[in-house]
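Note sheet for the following structure.
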Amino acid sequence: MKFFFIFSLACAAAVLAQTPSVETAAVLQAEHDGCVAYLRGDAGKIANFLTDDYTLTDSKGEISTAAEDIEDARSGRVHYDVFENYDMTVRLYASHTAIVTGKTKIKGNAQGKPIDIIVQFTDTFVKQSGRWRLAAGHISRLKD
């Protein structure tokens, strides 16, 4: 009987130990899917990726919203040739909040002006209806 109790505890510990890595993978997948949506200019997928009250603050202190990002994609005002994240770290809080930090390489054009930058980012994700969505972001341009 003692063996089964210890075995049960070991199995439960193994399952609990896997949960953060499973959630971390899900957050990173959501981050990846968001990058693909921006790269392809897919307004519908961007809308699903972002929370309705999403905001992005840039290094100049300017704030953009989900509605603006969706309209940029829909109208073609912004086009990306490269939009990829790397050097990412995920921190999970409870089962519904995650912070992702990393870097993003962005190349394309915005309103006819070329973009070719690397930014450091901090993204805050929340889990809504079983999926990870981006609620807030902050980017700072890195020096060339």
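Naming scheme: A, B, ... for chains in displayed order of the structure tokens; residues 1 onward per chain; ligands 1 onward as shown.
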
As a PDB file with N, CA, C and O atoms, in the first residue's frame, please: every residue in chain A that a backbone DSSP assignment puts in helix (DSSP H, G or I).
```
ATOM      1  N   LYS A   2       1.940   1.221   0.798  1.00  0.00           N
ATOM      2  CA  LYS A   2       2.846   2.369   0.883  1.00  0.00           C
ATOM      3  C   LYS A   2       3.461   2.658  -0.494  1.00  0.00           C
ATOM      4  O   LYS A   2       3.598   3.801  -0.898  1.00  0.00           O
ATOM      5  N   PHE A   3       3.801   1.591  -1.224  1.00  0.00           N
ATOM      6  CA  PHE A   3       4.370   1.739  -2.560  1.00  0.00           C
ATOM      7  C   PHE A   3       3.410   2.474  -3.490  1.00  0.00           C
ATOM      8  O   PHE A   3       3.810   3.379  -4.222  1.00  0.00           O
ATOM      9  N   PHE A   4       2.141   2.083  -3.485  1.00  0.00           N
ATOM     10  CA  PHE A   4       1.144   2.722  -4.356  1.00  0.00           C
ATOM     11  C   PHE A   4       0.952   4.189  -4.005  1.00  0.00           C
ATOM     12  O   PHE A   4       0.785   5.025  -4.881  1.00  0.00           O
ATOM     13  N   PHE A   5       1.006   4.515  -2.718  1.00  0.00           N
ATOM     14  CA  PHE A   5       0.868   5.910  -2.291  1.00  0.00           C
ATOM     15  C   PHE A   5       2.047   6.741  -2.809  1.00  0.00           C
ATOM     16  O   PHE A   5       1.857   7.809  -3.382  1.00  0.00           O
ATOM     17  N   ILE A   6       3.251   6.219  -2.631  1.00  0.00           N
ATOM     18  CA  ILE A   6       4.450   6.931  -3.101  1.00  0.00           C
ATOM     19  C   ILE A   6       4.442   7.021  -4.622  1.00  0.00           C
ATOM     20  O   ILE A   6       4.756   8.065  -5.197  1.00  0.00           O
ATOM     21  N   PHE A   7       4.045   5.921  -5.282  1.00  0.00           N
ATOM     22  CA  PHE A   7       3.967   5.926  -6.741  1.00  0.00           C
ATOM     23  C   PHE A   7       2.954   6.969  -7.220  1.00  0.00           C
ATOM     24  O   PHE A   7       3.216   7.711  -8.163  1.00  0.00           O
ATOM     25  N   SER A   8       1.805   7.044  -6.566  1.00  0.00           N
ATOM     26  CA  SER A   8       0.771   8.030  -6.923  1.00  0.00           C
ATOM     27  C   SER A   8       1.288   9.442  -6.755  1.00  0.00           C
ATOM     28  O   SER A   8       1.048  10.314  -7.593  1.00  0.00           O
ATOM     29  N   LEU A   9       1.993   9.685  -5.659  1.00  0.00           N
ATOM     30  CA  LEU A   9       2.568  11.018  -5.446  1.00  0.00           C
ATOM     31  C   LEU A   9       3.598  11.348  -6.525  1.00  0.00           C
ATOM     32  O   LEU A   9       3.642  12.473  -7.026  1.00  0.00           O
ATOM     33  N   ALA A  10       4.419  10.377  -6.882  1.00  0.00           N
ATOM     34  CA  ALA A  10       5.431  10.597  -7.922  1.00  0.00           C
ATOM     35  C   ALA A  10       4.764  10.910  -9.258  1.00  0.00           C
ATOM     36  O   ALA A  10       5.212  11.803  -9.995  1.00  0.00           O
ATOM     37  N   CYS A  11       3.695  10.189  -9.587  1.00  0.00           N
ATOM     38  CA  CYS A  11       2.973  10.447 -10.841  1.00  0.00           C
ATOM     39  C   CYS A  11       2.341  11.832 -10.829  1.00  0.00           C
ATOM     40  O   CYS A  11       2.415  12.569 -11.814  1.00  0.00           O
ATOM     41  N   ALA A  12       1.730  12.195  -9.718  1.00  0.00           N
ATOM     42  CA  ALA A  12       1.113  13.523  -9.610  1.00  0.00           C
ATOM     43  C   ALA A  12       2.165  14.609  -9.738  1.00  0.00           C
ATOM     44  O   ALA A  12       1.962  15.613 -10.419  1.00  0.00           O
ATOM     45  N   ALA A  13       3.313  14.407  -9.099  1.00  0.00           N
ATOM     46  CA  ALA A  13       4.395  15.389  -9.198  1.00  0.00           C
ATOM     47  C   ALA A  13       4.879  15.519 -10.634  1.00  0.00           C
ATOM     48  O   ALA A  13       5.172  16.622 -11.113  1.00  0.00           O
ATOM     49  N   ALA A  14       4.969  14.395 -11.335  1.00  0.00           N
ATOM     50  CA  ALA A  14       5.410  14.430 -12.730  1.00  0.00           C
ATOM     51  C   ALA A  14       4.424  15.198 -13.596  1.00  0.00           C
ATOM     52  O   ALA A  14       4.819  16.000 -14.447  1.00  0.00           O
ATOM     53  N   VAL A  15       3.142  14.983 -13.388  1.00  0.00           N
ATOM     54  CA  VAL A  15       2.127  15.703 -14.163  1.00  0.00           C
ATOM     55  C   VAL A  15       2.188  17.196 -13.858  1.00  0.00           C
ATOM     56  O   VAL A  15       2.167  18.040 -14.761  1.00  0.00           O
ATOM     57  N   LEU A  16       2.281  17.533 -12.584  1.00  0.00           N
ATOM     58  CA  LEU A  16       2.355  18.957 -12.213  1.00  0.00           C
ATOM     59  C   LEU A  16       3.622  19.602 -12.738  1.00  0.00           C
ATOM     60  O   LEU A  16       3.621  20.753 -13.143  1.00  0.00           O
ATOM     61  N   ALA A  17       4.718  18.858 -12.744  1.00  0.00           N
ATOM     62  CA  ALA A  17       5.973  19.408 -13.256  1.00  0.00           C
ATOM     63  C   ALA A  17       5.883  19.674 -14.747  1.00  0.00           C
ATOM     64  O   ALA A  17       6.530  20.578 -15.259  1.00  0.00           O
ATOM     65  N   GLN A  18       5.071  18.912 -15.486  1.00  0.00           N
ATOM     66  CA  GLN A  18       4.951  19.107 -16.916  1.00  0.00           C
ATOM     67  C   GLN A  18       4.066  20.287 -17.269  1.00  0.00           C
ATOM     68  O   GLN A  18       4.199  20.868 -18.328  1.00  0.00           O
ATOM     69  N   THR A  19       3.160  20.650 -16.405  1.00  0.00           N
ATOM     70  CA  THR A  19       2.200  21.700 -16.723  1.00  0.00           C
ATOM     71  C   THR A  19       2.867  23.002 -17.150  1.00  0.00           C
ATOM     72  O   THR A  19       2.502  23.549 -18.181  1.00  0.00           O
ATOM     73  N   PRO A  20       3.861  23.511 -16.388  1.00  0.00           N
ATOM     74  CA  PRO A  20       4.479  24.765 -16.842  1.00  0.00           C
ATOM     75  C   PRO A  20       5.105  24.649 -18.233  1.00  0.00           C
ATOM     76  O   PRO A  20       4.982  25.566 -19.037  1.00  0.00           O
ATOM     77  N   SER A  21       5.757  23.521 -18.528  1.00  0.00           N
ATOM     78  CA  SER A  21       6.378  23.414 -19.845  1.00  0.00           C
ATOM     79  C   SER A  21       5.323  23.319 -20.954  1.00  0.00           C
ATOM     80  O   SER A  21       5.521  23.839 -22.041  1.00  0.00           O
ATOM     81  N   VAL A  22       4.206  22.664 -20.659  1.00  0.00           N
ATOM     82  CA  VAL A  22       3.119  22.597 -21.637  1.00  0.00           C
ATOM     83  C   VAL A  22       2.542  24.004 -21.857  1.00  0.00           C
ATOM     84  O   VAL A  22       2.325  24.423 -22.999  1.00  0.00           O
ATOM     85  N   GLU A  23       2.312  24.725 -20.783  1.00  0.00           N
ATOM     86  CA  GLU A  23       1.784  26.090 -20.900  1.00  0.00           C
ATOM     87  C   GLU A  23       2.800  27.009 -21.554  1.00  0.00           C
ATOM     88  O   GLU A  23       2.441  27.858 -22.372  1.00  0.00           O
ATOM     89  N   THR A  24       4.071  26.849 -21.222  1.00  0.00           N
ATOM     90  CA  THR A  24       5.121  27.658 -21.857  1.00  0.00           C
ATOM     91  C   THR A  24       5.114  27.429 -23.364  1.00  0.00           C
ATOM     92  O   THR A  24       5.181  28.379 -24.144  1.00  0.00           O
ATOM     93  N   ALA A  25       5.008  26.183 -23.769  1.00  0.00           N
ATOM     94  CA  ALA A  25       4.959  25.863 -25.202  1.00  0.00           C
ATOM     95  C   ALA A  25       3.726  26.489 -25.843  1.00  0.00           C
ATOM     96  O   ALA A  25       3.800  26.999 -26.967  1.00  0.00           O
ATOM     97  N   ALA A  26       2.594  26.475 -25.151  1.00  0.00           N
ATOM     98  CA  ALA A  26       1.364  27.064 -25.696  1.00  0.00           C
ATOM     99  C   ALA A  26       1.502  28.581 -25.851  1.00  0.00           C
ATOM    100  O   ALA A  26       1.043  29.149 -26.850  1.00  0.00           O
ATOM    101  N   VAL A  27       2.145  29.221 -24.886  1.00  0.00           N
ATOM    102  CA  VAL A  27       2.361  30.672 -24.978  1.00  0.00           C
ATOM    103  C   VAL A  27       3.298  30.979 -26.147  1.00  0.00           C
ATOM    104  O   VAL A  27       3.038  31.891 -26.953  1.00  0.00           O
ATOM    105  N   LEU A  28       4.383  30.228 -26.264  1.00  0.00           N
ATOM    106  CA  LEU A  28       5.314  30.450 -27.377  1.00  0.00           C
ATOM    107  C   LEU A  28       4.655  30.178 -28.724  1.00  0.00           C
ATOM    108  O   LEU A  28       4.935  30.879 -29.702  1.00  0.00           O
ATOM    109  N   GLN A  29       3.765  29.203 -28.769  1.00  0.00           N
ATOM    110  CA  GLN A  29       3.029  28.937 -30.013  1.00  0.00           C
ATOM    111  C   GLN A  29       2.121  30.110 -30.352  1.00  0.00           C
ATOM    112  O   GLN A  29       2.022  30.523 -31.509  1.00  0.00           O
ATOM    113  N   ALA A  30       1.445  30.657 -29.343  1.00  0.00           N
ATOM    114  CA  ALA A  30       0.586  31.826 -29.567  1.00  0.00           C
ATOM    115  C   ALA A  30       1.425  33.002 -30.066  1.00  0.00           C
ATOM    116  O   ALA A  30       1.028  33.709 -31.002  1.00  0.00           O
ATOM    117  N   GLU A  31       2.588  33.208 -29.466  1.00  0.00           N
ATOM    118  CA  GLU A  31       3.488  34.292 -29.891  1.00  0.00           C
ATOM    119  C   GLU A  31       3.899  34.079 -31.343  1.00  0.00           C
ATOM    120  O   GLU A  31       3.861  35.004 -32.154  1.00  0.00           O
ATOM    121  N   HIS A  32       4.267  32.856 -31.683  1.00  0.00           N
ATOM    122  CA  HIS A  32       4.649  32.526 -33.063  1.00  0.00           C
ATOM    123  C   HIS A  32       3.491  32.768 -34.036  1.00  0.00           C
ATOM    124  O   HIS A  32       3.669  33.388 -35.093  1.00  0.00           O
ATOM    125  N   ASP A  33       2.306  32.286 -33.666  1.00  0.00           N
ATOM    126  CA  ASP A  33       1.138  32.453 -34.533  1.00  0.00           C
ATOM    127  C   ASP A  33       0.820  33.937 -34.743  1.00  0.00           C
ATOM    128  O   ASP A  33       0.420  34.336 -35.841  1.00  0.00           O
ATOM    129  N   GLY A  34       1.007  34.737 -33.694  1.00  0.00           N
ATOM    130  CA  GLY A  34       0.802  36.183 -33.823  1.00  0.00           C
ATOM    131  C   GLY A  34       1.782  36.797 -34.809  1.00  0.00           C
ATOM    132  O   GLY A  34       1.399  37.617 -35.648  1.00  0.00           O
ATOM    133  N   CYS A  35       3.044  36.385 -34.730  1.00  0.00           N
ATOM    134  CA  CYS A  35       4.046  36.894 -35.676  1.00  0.00           C
ATOM    135  C   CYS A  35       3.673  36.542 -37.112  1.00  0.00           C
ATOM    136  O   CYS A  35       3.779  37.386 -38.010  1.00  0.00           O
ATOM    137  N   VAL A  36       3.214  35.327 -37.319  1.00  0.00           N
ATOM    138  CA  VAL A  36       2.811  34.890 -38.659  1.00  0.00           C
ATOM    139  C   VAL A  36       1.622  35.726 -39.146  1.00  0.00           C
ATOM    140  O   VAL A  36       1.575  36.136 -40.310  1.00  0.00           O
ATOM    141  N   ALA A  37       0.669  35.998 -38.258  1.00  0.00           N
ATOM    142  CA  ALA A  37      -0.492  36.812 -38.639  1.00  0.00           C
ATOM    143  C   ALA A  37      -0.062  38.208 -39.076  1.00  0.00           C
ATOM    144  O   ALA A  37      -0.548  38.733 -40.083  1.00  0.00           O
ATOM    145  N   TYR A  38       0.859  38.821 -38.328  1.00  0.00           N
ATOM    146  CA  TYR A  38       1.357  40.150 -38.719  1.00  0.00           C
ATOM    147  C   TYR A  38       2.138  40.069 -40.024  1.00  0.00           C
ATOM    148  O   TYR A  38       1.979  40.921 -40.906  1.00  0.00           O
ATOM    149  N   LEU A  39       2.988  39.051 -40.160  1.00  0.00           N
ATOM    150  CA  LEU A  39       3.785  38.890 -41.379  1.00  0.00           C
ATOM    151  C   LEU A  39       2.889  38.765 -42.604  1.00  0.00           C
ATOM    152  O   LEU A  39       3.154  39.366 -43.644  1.00  0.00           O
ATOM    153  N   ARG A  40       1.797  38.033 -42.485  1.00  0.00           N
ATOM    154  CA  ARG A  40       0.885  37.816 -43.610  1.00  0.00           C
ATOM    155  C   ARG A  40      -0.163  38.919 -43.758  1.00  0.00           C
ATOM    156  O   ARG A  40      -0.941  38.895 -44.709  1.00  0.00           O
ATOM    157  N   ALA A  43      -5.689  40.261 -40.940  1.00  0.00           N
ATOM    158  CA  ALA A  43      -6.426  41.063 -39.957  1.00  0.00           C
ATOM    159  C   ALA A  43      -7.287  40.198 -39.046  1.00  0.00           C
ATOM    160  O   ALA A  43      -7.382  40.462 -37.840  1.00  0.00           O
ATOM    161  N   GLY A  44      -7.915  39.159 -39.585  1.00  0.00           N
ATOM    162  CA  GLY A  44      -8.758  38.281 -38.778  1.00  0.00           C
ATOM    163  C   GLY A  44      -7.970  37.544 -37.712  1.00  0.00           C
ATOM    164  O   GLY A  44      -8.402  37.454 -36.554  1.00  0.00           O
ATOM    165  N   LYS A  45      -6.821  37.022 -38.085  1.00  0.00           N
ATOM    166  CA  LYS A  45      -5.997  36.301 -37.117  1.00  0.00           C
ATOM    167  C   LYS A  45      -5.375  37.260 -36.105  1.00  0.00           C
ATOM    168  O   LYS A  45      -5.207  36.895 -34.941  1.00  0.00           O
ATOM    169  N   ILE A  46      -5.044  38.467 -36.539  1.00  0.00           N
ATOM    170  CA  ILE A  46      -4.545  39.470 -35.599  1.00  0.00           C
ATOM    171  C   ILE A  46      -5.636  39.790 -34.580  1.00  0.00           C
ATOM    172  O   ILE A  46      -5.377  39.870 -33.377  1.00  0.00           O
ATOM    173  N   ALA A  47      -6.867  39.929 -35.037  1.00  0.00           N
ATOM    174  CA  ALA A  47      -7.991  40.209 -34.132  1.00  0.00           C
ATOM    175  C   ALA A  47      -8.174  39.084 -33.118  1.00  0.00           C
ATOM    176  O   ALA A  47      -8.471  39.353 -31.940  1.00  0.00           O
ATOM    177  N   ASN A  48      -7.995  37.844 -33.526  1.00  0.00           N
ATOM    178  CA  ASN A  48      -8.108  36.713 -32.603  1.00  0.00           C
ATOM    179  C   ASN A  48      -6.925  36.613 -31.651  1.00  0.00           C
ATOM    180  O   ASN A  48      -7.063  36.113 -30.540  1.00  0.00           O
ATOM    181  N   PHE A  49      -5.775  37.075 -32.083  1.00  0.00           N
ATOM    182  CA  PHE A  49      -4.541  37.028 -31.294  1.00  0.00           C
ATOM    183  C   PHE A  49      -4.559  38.067 -30.170  1.00  0.00           C
ATOM    184  O   PHE A  49      -4.072  37.816 -29.069  1.00  0.00           O
ATOM    185  N   ALA A  66      -5.462  47.577 -30.483  1.00  0.00           N
ATOM    186  CA  ALA A  66      -5.821  46.429 -31.323  1.00  0.00           C
ATOM    187  C   ALA A  66      -6.518  46.905 -32.594  1.00  0.00           C
ATOM    188  O   ALA A  66      -6.207  46.437 -33.695  1.00  0.00           O
ATOM    189  N   ALA A  67      -7.441  47.838 -32.443  1.00  0.00           N
ATOM    190  CA  ALA A  67      -8.182  48.336 -33.609  1.00  0.00           C
ATOM    191  C   ALA A  67      -7.238  48.925 -34.654  1.00  0.00           C
ATOM    192  O   ALA A  67      -7.430  48.716 -35.861  1.00  0.00           O
ATOM    193  N   GLU A  68      -6.211  49.635 -34.208  1.00  0.00           N
ATOM    194  CA  GLU A  68      -5.255  50.226 -35.150  1.00  0.00           C
ATOM    195  C   GLU A  68      -4.429  49.151 -35.854  1.00  0.00           C
ATOM    196  O   GLU A  68      -4.209  49.230 -37.069  1.00  0.00           O
ATOM    197  N   ASP A  69      -3.978  48.143 -35.101  1.00  0.00           N
ATOM    198  CA  ASP A  69      -3.198  47.056 -35.724  1.00  0.00           C
ATOM    199  C   ASP A  69      -4.035  46.293 -36.742  1.00  0.00           C
ATOM    200  O   ASP A  69      -3.556  45.948 -37.822  1.00  0.00           O
ATOM    201  N   ILE A  70      -5.277  46.039 -36.395  1.00  0.00           N
ATOM    202  CA  ILE A  70      -6.176  45.316 -37.303  1.00  0.00           C
ATOM    203  C   ILE A  70      -6.422  46.132 -38.566  1.00  0.00           C
ATOM    204  O   ILE A  70      -6.361  45.612 -39.682  1.00  0.00           O
ATOM    205  N   GLU A  71      -6.661  47.418 -38.415  1.00  0.00           N
ATOM    206  CA  GLU A  71      -6.900  48.277 -39.580  1.00  0.00           C
ATOM    207  C   GLU A  71      -5.640  48.415 -40.434  1.00  0.00           C
ATOM    208  O   GLU A  71      -5.728  48.446 -41.664  1.00  0.00           O
ATOM    209  N   ASP A  72      -4.463  48.495 -39.802  1.00  0.00           N
ATOM    210  CA  ASP A  72      -3.203  48.547 -40.561  1.00  0.00           C
ATOM    211  C   ASP A  72      -3.074  47.319 -41.458  1.00  0.00           C
ATOM    212  O   ASP A  72      -2.673  47.426 -42.622  1.00  0.00           O
ATOM    213  N   ALA A  73      -3.408  46.154 -40.920  1.00  0.00           N
ATOM    214  CA  ALA A  73      -3.336  44.921 -41.713  1.00  0.00           C
ATOM    215  C   ALA A  73      -4.407  44.909 -42.793  1.00  0.00           C
ATOM    216  O   ALA A  73      -4.130  44.578 -43.949  1.00  0.00           O
ATOM    217  N   ARG A  74      -5.623  45.264 -42.424  1.00  0.00           N
ATOM    218  CA  ARG A  74      -6.749  45.238 -43.367  1.00  0.00           C
ATOM    219  C   ARG A  74      -6.505  46.189 -44.551  1.00  0.00           C
ATOM    220  O   ARG A  74      -6.770  45.839 -45.698  1.00  0.00           O
ATOM    221  N   SER A  75      -5.985  47.375 -44.259  1.00  0.00           N
ATOM    222  CA  SER A  75      -5.810  48.387 -45.298  1.00  0.00           C
ATOM    223  C   SER A  75      -4.525  48.209 -46.106  1.00  0.00           C
ATOM    224  O   SER A  75      -4.387  48.779 -47.178  1.00  0.00           O
TER     225      SER A  75
END
```

| field | Test item: residues at most 8 Å from segment 118-130 of chain A, only C-alpha atoms, excluding those fewer than 3 positions along its chain, as JSON, numbers by chain | value | {"A": [27, 95, 96, 97, 98, 99, 100, 101, 102, 103, 104, 105, 106, 133, 134, 135, 136, 137, 138, 139, 140, 141, 142, 143, 144]}

| message | Using DSSP secondary structure from the backbone, list all strand (DSSP E) positions within segment 18-131 of chain A, as a ChimeraX atom specification. | response | /A:50-57,63-65,78-93,97-110,113-128,131

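Closest approach to Trp132 of chain A among A:Val82, A:Ile63, A:Ile117, A:Leu50 is made by A:Leu50 (distances from only C-alpha atoms).
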
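Comparing A:Arg131, A:Asp53, A:Gly61, A:Asn109 by their smallest distance to His79 of chain A, the closest is A:Asn109 (using only C-alpha atoms).
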
| said: What does the structure give for the distance between atom CA of Leu92 of chain A and atom CA of Ser64 of chain A, in Å to one decimal? | reply: 25.1 Å
